[in-house]
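Asks: Starting off with a structure, shown below.
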Amino acid sequence: MIHEIWNDKDTVKKVKCIHTDASKYIVNRVLTVGETYEVKNETEEFYFIVDNSGKVGGFYKDYFQDL
């Protein structure tokens, strides 16, 4: 199960959060605008990053900008 070792995985790339205006979910508790995050895994629609809670979470790519 890959999600159990994501914290130990190498960082794929880094992204910067550009907004937390979510229409369906509350993301401003775990993301900070202007903060840089490490991407541990990526799909077509999501980045799996280490968020402010220290855990890996999946977020839509539109919250971020590639660095």
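Residues are named by chain letter and number: chains run A, B, ... in the order of the structure tokens, numbers start at 1 in each chain, and ligands are numbered from 1 in the order shown.
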Would you list the contacts of range 8-11 of chain A as a PyMOL selection string, taking every protein, DNA or RNA residue within 12 Å and counting only C-alpha atoms, but skipping same-chain residues closer than 2 positions in sequence?
Replies: chain A and resi 2-6+13-15+37-42+47-50+55-56
Asks: Write the residues of the selection above to a file with N, CA, C and O atoms, as a compact mmCIF listing (two decimals), in the first residue's frame.
Replies:
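Everything below was put into result_13.txt:
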```
# COMPACT_ATOMS: atom_id res chain seq x y z
N ILE A 2 0.88 1.93 -1.12
CA ILE A 2 1.79 3.05 -1.32
C ILE A 2 1.54 4.21 -0.35
O ILE A 2 2.46 4.89 0.05
N HIS A 3 0.30 4.42 0.06
CA HIS A 3 0.00 5.55 0.93
C HIS A 3 0.64 5.42 2.30
O HIS A 3 0.82 6.42 3.00
N GLU A 4 1.07 4.23 2.68
CA GLU A 4 1.71 4.03 3.98
C GLU A 4 3.17 4.47 3.98
O GLU A 4 3.73 4.71 5.04
N ILE A 5 3.79 4.59 2.81
CA ILE A 5 5.19 4.99 2.75
C ILE A 5 5.41 6.34 2.06
O ILE A 5 6.54 6.73 1.81
N TRP A 6 4.35 7.09 1.77
CA TRP A 6 4.50 8.37 1.08
C TRP A 6 5.35 9.37 1.85
O TRP A 6 6.08 10.13 1.26
N LYS A 13 8.35 16.86 -6.84
CA LYS A 13 8.58 18.27 -7.17
C LYS A 13 7.97 19.11 -6.07
O LYS A 13 7.38 18.60 -5.13
N LYS A 14 8.13 20.42 -6.18
CA LYS A 14 7.55 21.34 -5.20
C LYS A 14 6.54 22.24 -5.90
O LYS A 14 6.72 22.61 -7.06
N VAL A 15 5.47 22.55 -5.18
CA VAL A 15 4.42 23.41 -5.70
C VAL A 15 4.10 24.48 -4.67
O VAL A 15 4.34 24.31 -3.48
N TYR A 37 4.92 23.41 -0.92
CA TYR A 37 4.65 22.05 -0.45
C TYR A 37 5.39 21.03 -1.31
O TYR A 37 5.60 21.25 -2.50
N GLU A 38 5.77 19.91 -0.70
CA GLU A 38 6.45 18.82 -1.40
C GLU A 38 5.42 17.84 -1.97
O GLU A 38 4.57 17.35 -1.24
N VAL A 39 5.52 17.57 -3.26
CA VAL A 39 4.63 16.62 -3.91
C VAL A 39 5.25 15.23 -3.78
O VAL A 39 6.37 14.99 -4.22
N LYS A 40 4.51 14.32 -3.18
CA LYS A 40 4.98 12.94 -3.00
C LYS A 40 4.46 12.01 -4.09
O LYS A 40 5.08 11.01 -4.39
N ASN A 41 3.31 12.35 -4.67
CA ASN A 41 2.74 11.56 -5.76
C ASN A 41 1.81 12.47 -6.54
O ASN A 41 1.32 13.46 -6.02
N GLU A 42 1.57 12.12 -7.79
CA GLU A 42 0.76 12.97 -8.66
C GLU A 42 -0.09 12.08 -9.56
O GLU A 42 0.37 11.07 -10.06
N TYR A 47 -2.61 16.36 -6.63
CA TYR A 47 -1.29 16.28 -6.05
C TYR A 47 -1.46 15.67 -4.67
O TYR A 47 -2.37 16.03 -3.94
N PHE A 48 -0.58 14.77 -4.31
CA PHE A 48 -0.54 14.23 -2.96
C PHE A 48 0.66 14.86 -2.29
O PHE A 48 1.80 14.59 -2.65
N ILE A 49 0.39 15.75 -1.32
CA ILE A 49 1.42 16.57 -0.71
C ILE A 49 1.45 16.36 0.80
O ILE A 49 0.50 15.88 1.39
N VAL A 50 2.57 16.76 1.40
CA VAL A 50 2.65 16.82 2.85
C VAL A 50 2.07 18.18 3.23
O VAL A 50 2.66 19.22 2.95
N LYS A 55 0.79 15.36 7.44
CA LYS A 55 0.35 14.13 6.79
C LYS A 55 0.22 14.35 5.29
O LYS A 55 0.10 15.48 4.83
N VAL A 56 0.21 13.26 4.55
CA VAL A 56 0.03 13.35 3.10
C VAL A 56 -1.46 13.40 2.79
O VAL A 56 -2.23 12.58 3.28
```
Asks: Show which residues sit within 9 Å of range 24-29 of chain A, as a ChimeraX atom specification. Count only C-alpha atoms, and ignore same-chain residues fewer than 5 positions away.
Replies: /A:19,52-53,59
Asks: For the selection just defined, write its residues with C-alpha atoms to a file, as a tab-separated table (two decimals), in the first residue's frame.
Replies:
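Output file result03.tsv is given in full below:
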```tsv
chain	number	residue	atom	x	y	z
A	19	HIS	CA	-5.58	29.81	-3.24
A	52	ASN	CA	0.29	21.66	7.28
A	53	SER	CA	-0.81	18.75	9.48
A	59	PHE	CA	-5.68	18.04	-3.30
```
Asks: Between CA of Ser23 in chain A and CA of Leu67 in chain A, measure the distance and give it in Å to one decimal.
Replies: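 Value for the CA of Ser23 in chain A-CA of Leu67 in chain A distance: 24.8 Å.
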Asks: As a ChimeraX atom specification, please: every residue in chain A that DSSP puts in strand (DSSP E).
Replies: /A:13-17,36-42,46-50,56-60,64-66
Asks: Excluding same-chain residues fewer than 3 positions from range 16-18 of chain A, what lies within 8 Å of it counting only C-alpha atoms, as a PyMOL selection string?
Replies: chain A and resi 31-37+63-67
Asks: Mind the document's chain letters and residue numbers, and return as a ChimeraX atom specification the residues of chain A that DSSP labels helix (DSSP H, G or I).
Replies: /A:2-4,6-8,61-63
Asks: Selection from above, all heavy atoms, as an mmCIF file, in the first residue's frame, can you write it?
Replies:
```
data_model
loop_
_atom_site.group_PDB
_atom_site.id
_atom_site.type_symbol
_atom_site.label_atom_id
_atom_site.label_comp_id
_atom_site.auth_asym_id
_atom_site.auth_seq_id
_atom_site.Cartn_x
_atom_site.Cartn_y
_atom_site.Cartn_z
ATOM 1 N N ILE A 2 0.883 1.926 -1.119
ATOM 2 C CA ILE A 2 1.793 3.052 -1.316
ATOM 3 C C ILE A 2 1.538 4.210 -0.349
ATOM 4 O O ILE A 2 2.463 4.893 0.047
ATOM 5 C CB ILE A 2 1.754 3.532 -2.784
ATOM 6 C CG1 ILE A 2 2.906 4.482 -3.055
ATOM 7 C CG2 ILE A 2 0.428 4.158 -3.122
ATOM 8 C CD1 ILE A 2 3.098 4.813 -4.507
ATOM 9 N N HIS A 3 0.300 4.422 0.058
ATOM 10 C CA HIS A 3 -0.004 5.554 0.930
ATOM 11 C C HIS A 3 0.645 5.421 2.297
ATOM 12 O O HIS A 3 0.817 6.417 3.000
ATOM 13 C CB HIS A 3 -1.523 5.715 1.079
ATOM 14 C CG HIS A 3 -2.173 4.619 1.844
ATOM 15 N ND1 HIS A 3 -2.507 3.422 1.251
ATOM 16 C CD2 HIS A 3 -2.531 4.521 3.143
ATOM 17 C CE1 HIS A 3 -3.060 2.635 2.160
ATOM 18 N NE2 HIS A 3 -3.086 3.275 3.314
ATOM 19 N N GLU A 4 1.067 4.231 2.684
ATOM 20 C CA GLU A 4 1.711 4.034 3.979
ATOM 21 C C GLU A 4 3.166 4.473 3.981
ATOM 22 O O GLU A 4 3.732 4.710 5.037
ATOM 23 C CB GLU A 4 1.599 2.574 4.402
ATOM 24 C CG GLU A 4 0.160 2.171 4.692
ATOM 25 C CD GLU A 4 0.016 0.712 5.067
ATOM 26 O OE1 GLU A 4 1.000 -0.053 4.971
ATOM 27 O OE2 GLU A 4 -1.098 0.338 5.472
ATOM 28 N N TRP A 6 4.355 7.092 1.773
ATOM 29 C CA TRP A 6 4.499 8.370 1.078
ATOM 30 C C TRP A 6 5.347 9.371 1.850
ATOM 31 O O TRP A 6 6.085 10.133 1.255
ATOM 32 C CB TRP A 6 3.137 8.983 0.789
ATOM 33 C CG TRP A 6 2.547 8.506 -0.503
ATOM 34 C CD1 TRP A 6 3.186 7.863 -1.509
ATOM 35 C CD2 TRP A 6 1.195 8.633 -0.917
ATOM 36 N NE1 TRP A 6 2.323 7.567 -2.515
ATOM 37 C CE2 TRP A 6 1.090 8.033 -2.185
ATOM 38 C CE3 TRP A 6 0.074 9.188 -0.351
ATOM 39 C CZ2 TRP A 6 -0.107 7.989 -2.889
ATOM 40 C CZ3 TRP A 6 -1.109 9.135 -1.053
ATOM 41 C CH2 TRP A 6 -1.191 8.547 -2.312
ATOM 42 N N ASN A 7 5.261 9.403 3.169
ATOM 43 C CA ASN A 7 6.072 10.348 3.937
ATOM 44 C C ASN A 7 7.558 10.094 3.757
ATOM 45 O O ASN A 7 8.363 11.021 3.822
ATOM 46 C CB ASN A 7 5.718 10.288 5.426
ATOM 47 C CG ASN A 7 4.469 11.069 5.740
ATOM 48 O OD1 ASN A 7 4.111 12.009 5.041
ATOM 49 N ND2 ASN A 7 3.789 10.686 6.803
ATOM 50 N N ASP A 8 7.944 8.859 3.517
ATOM 51 C CA ASP A 8 9.353 8.502 3.358
ATOM 52 C C ASP A 8 9.818 8.565 1.911
ATOM 53 O O ASP A 8 11.012 8.476 1.643
ATOM 54 C CB ASP A 8 9.589 7.090 3.900
ATOM 55 C CG ASP A 8 9.182 6.971 5.359
ATOM 56 O OD1 ASP A 8 9.337 7.952 6.108
ATOM 57 O OD2 ASP A 8 8.694 5.893 5.744
ATOM 58 N N LYS A 61 -5.264 19.927 -8.313
ATOM 59 C CA LYS A 61 -4.093 20.650 -8.822
ATOM 60 C C LYS A 61 -4.348 22.150 -8.957
ATOM 61 O O LYS A 61 -3.400 22.929 -8.950
ATOM 62 C CB LYS A 61 -3.671 20.081 -10.171
ATOM 63 C CG LYS A 61 -3.000 18.734 -10.056
ATOM 64 C CD LYS A 61 -2.509 18.275 -11.411
ATOM 65 C CE LYS A 61 -1.701 17.015 -11.298
ATOM 66 N NZ LYS A 61 -1.155 16.599 -12.595
ATOM 67 N N ASP A 62 -5.607 22.565 -9.075
ATOM 68 C CA ASP A 62 -5.881 23.978 -9.294
ATOM 69 C C ASP A 62 -5.586 24.855 -8.071
ATOM 70 O O ASP A 62 -5.595 26.072 -8.175
ATOM 71 C CB ASP A 62 -7.300 24.214 -9.801
ATOM 72 C CG ASP A 62 -8.363 23.874 -8.792
ATOM 73 O OD1 ASP A 62 -8.106 23.079 -7.876
ATOM 74 O OD2 ASP A 62 -9.473 24.423 -8.923
ATOM 75 N N TYR A 63 -5.288 24.259 -6.924
ATOM 76 C CA TYR A 63 -4.892 25.037 -5.744
ATOM 77 C C TYR A 63 -3.423 25.439 -5.802
ATOM 78 O O TYR A 63 -2.967 26.218 -4.977
ATOM 79 C CB TYR A 63 -5.097 24.238 -4.448
ATOM 80 C CG TYR A 63 -6.506 23.821 -4.159
ATOM 81 C CD1 TYR A 63 -6.805 22.511 -3.827
ATOM 82 C CD2 TYR A 63 -7.552 24.726 -4.210
ATOM 83 C CE1 TYR A 63 -8.095 22.119 -3.545
ATOM 84 C CE2 TYR A 63 -8.843 24.337 -3.949
ATOM 85 C CZ TYR A 63 -9.113 23.028 -3.618
ATOM 86 O OH TYR A 63 -10.395 22.648 -3.335
#
```
Asks: Write out as a ChimeraX atom specification which residues come within 10 Å of Tyr60 in chain A when counting only C-alpha atoms, dropping same-chain ones fewer than 6 positions away.
Replies: /A:22,43-48
Asks: Can you write out the residues you just picked, keeping all heavy atoms, as a PDB file, in the first residue's frame?
Replies:
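Dumped everything to selection.pdb:
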```
ATOM      1  N   ALA A  22     -12.125  26.720  -1.867  1.00  0.00           N
ATOM      2  CA  ALA A  22     -12.737  25.459  -2.272  1.00  0.00           C
ATOM      3  C   ALA A  22     -14.249  25.576  -2.201  1.00  0.00           C
ATOM      4  O   ALA A  22     -14.793  26.104  -1.238  1.00  0.00           O
ATOM      5  CB  ALA A  22     -12.268  24.337  -1.363  1.00  0.00           C
ATOM      6  N   THR A  43      -1.346  12.493  -9.733  1.00  0.00           N
ATOM      7  CA  THR A  43      -2.219  11.848 -10.709  1.00  0.00           C
ATOM      8  C   THR A  43      -2.644  12.910 -11.699  1.00  0.00           C
ATOM      9  O   THR A  43      -2.202  14.057 -11.626  1.00  0.00           O
ATOM     10  CB  THR A  43      -3.458  11.213 -10.042  1.00  0.00           C
ATOM     11  OG1 THR A  43      -4.260  12.241  -9.474  1.00  0.00           O
ATOM     12  CG2 THR A  43      -3.068  10.201  -8.981  1.00  0.00           C
ATOM     13  N   GLU A  44      -3.523  12.554 -12.593  1.00  0.00           N
ATOM     14  CA  GLU A  44      -3.991  13.499 -13.600  1.00  0.00           C
ATOM     15  C   GLU A  44      -4.724  14.685 -12.967  1.00  0.00           C
ATOM     16  O   GLU A  44      -4.646  15.802 -13.454  1.00  0.00           O
ATOM     17  CB  GLU A  44      -4.917  12.772 -14.566  1.00  0.00           C
ATOM     18  CG  GLU A  44      -5.120  13.471 -15.870  1.00  0.00           C
ATOM     19  CD  GLU A  44      -5.876  12.592 -16.844  1.00  0.00           C
ATOM     20  OE1 GLU A  44      -5.375  11.516 -17.202  1.00  0.00           O
ATOM     21  OE2 GLU A  44      -6.981  13.017 -17.235  1.00  0.00           O
ATOM     22  N   GLU A  45      -5.407  14.445 -11.860  1.00  0.00           N
ATOM     23  CA  GLU A  45      -6.258  15.468 -11.248  1.00  0.00           C
ATOM     24  C   GLU A  45      -5.764  15.978  -9.896  1.00  0.00           C
ATOM     25  O   GLU A  45      -6.106  17.084  -9.486  1.00  0.00           O
ATOM     26  CB  GLU A  45      -7.659  14.869 -11.082  1.00  0.00           C
ATOM     27  CG  GLU A  45      -8.728  15.857 -10.736  1.00  0.00           C
ATOM     28  CD  GLU A  45     -10.106  15.213 -10.714  1.00  0.00           C
ATOM     29  OE1 GLU A  45     -10.228  13.979 -10.865  1.00  0.00           O
ATOM     30  OE2 GLU A  45     -11.070  15.959 -10.543  1.00  0.00           O
ATOM     31  N   PHE A  46      -4.928  15.201  -9.209  1.00  0.00           N
ATOM     32  CA  PHE A  46      -4.541  15.519  -7.836  1.00  0.00           C
ATOM     33  C   PHE A  46      -3.033  15.553  -7.628  1.00  0.00           C
ATOM     34  O   PHE A  46      -2.285  14.851  -8.303  1.00  0.00           O
ATOM     35  CB  PHE A  46      -5.087  14.453  -6.861  1.00  0.00           C
ATOM     36  CG  PHE A  46      -6.571  14.390  -6.792  1.00  0.00           C
ATOM     37  CD1 PHE A  46      -7.265  13.427  -7.497  1.00  0.00           C
ATOM     38  CD2 PHE A  46      -7.286  15.281  -6.015  1.00  0.00           C
ATOM     39  CE1 PHE A  46      -8.643  13.353  -7.432  1.00  0.00           C
ATOM     40  CE2 PHE A  46      -8.660  15.215  -5.944  1.00  0.00           C
ATOM     41  CZ  PHE A  46      -9.346  14.252  -6.651  1.00  0.00           C
ATOM     42  N   TYR A  47      -2.615  16.361  -6.629  1.00  0.00           N
ATOM     43  CA  TYR A  47      -1.286  16.278  -6.045  1.00  0.00           C
ATOM     44  C   TYR A  47      -1.455  15.670  -4.670  1.00  0.00           C
ATOM     45  O   TYR A  47      -2.371  16.029  -3.935  1.00  0.00           O
ATOM     46  CB  TYR A  47      -0.660  17.663  -5.858  1.00  0.00           C
ATOM     47  CG  TYR A  47      -0.170  18.325  -7.115  1.00  0.00           C
ATOM     48  CD1 TYR A  47      -0.489  19.654  -7.367  1.00  0.00           C
ATOM     49  CD2 TYR A  47       0.636  17.665  -8.025  1.00  0.00           C
ATOM     50  CE1 TYR A  47      -0.028  20.291  -8.497  1.00  0.00           C
ATOM     51  CE2 TYR A  47       1.103  18.291  -9.167  1.00  0.00           C
ATOM     52  CZ  TYR A  47       0.772  19.607  -9.393  1.00  0.00           C
ATOM     53  OH  TYR A  47       1.227  20.232 -10.517  1.00  0.00           O
ATOM     54  N   PHE A  48      -0.576  14.772  -4.313  1.00  0.00           N
ATOM     55  CA  PHE A  48      -0.544  14.230  -2.960  1.00  0.00           C
ATOM     56  C   PHE A  48       0.660  14.864  -2.286  1.00  0.00           C
ATOM     57  O   PHE A  48       1.802  14.587  -2.654  1.00  0.00           O
ATOM     58  CB  PHE A  48      -0.456  12.699  -2.997  1.00  0.00           C
ATOM     59  CG  PHE A  48      -1.705  12.080  -3.551  1.00  0.00           C
ATOM     60  CD1 PHE A  48      -1.841  11.843  -4.905  1.00  0.00           C
ATOM     61  CD2 PHE A  48      -2.763  11.778  -2.721  1.00  0.00           C
ATOM     62  CE1 PHE A  48      -2.997  11.288  -5.423  1.00  0.00           C
ATOM     63  CE2 PHE A  48      -3.940  11.229  -3.225  1.00  0.00           C
ATOM     64  CZ  PHE A  48      -4.047  10.988  -4.583  1.00  0.00           C
TER      65      PHE A  48
END
```
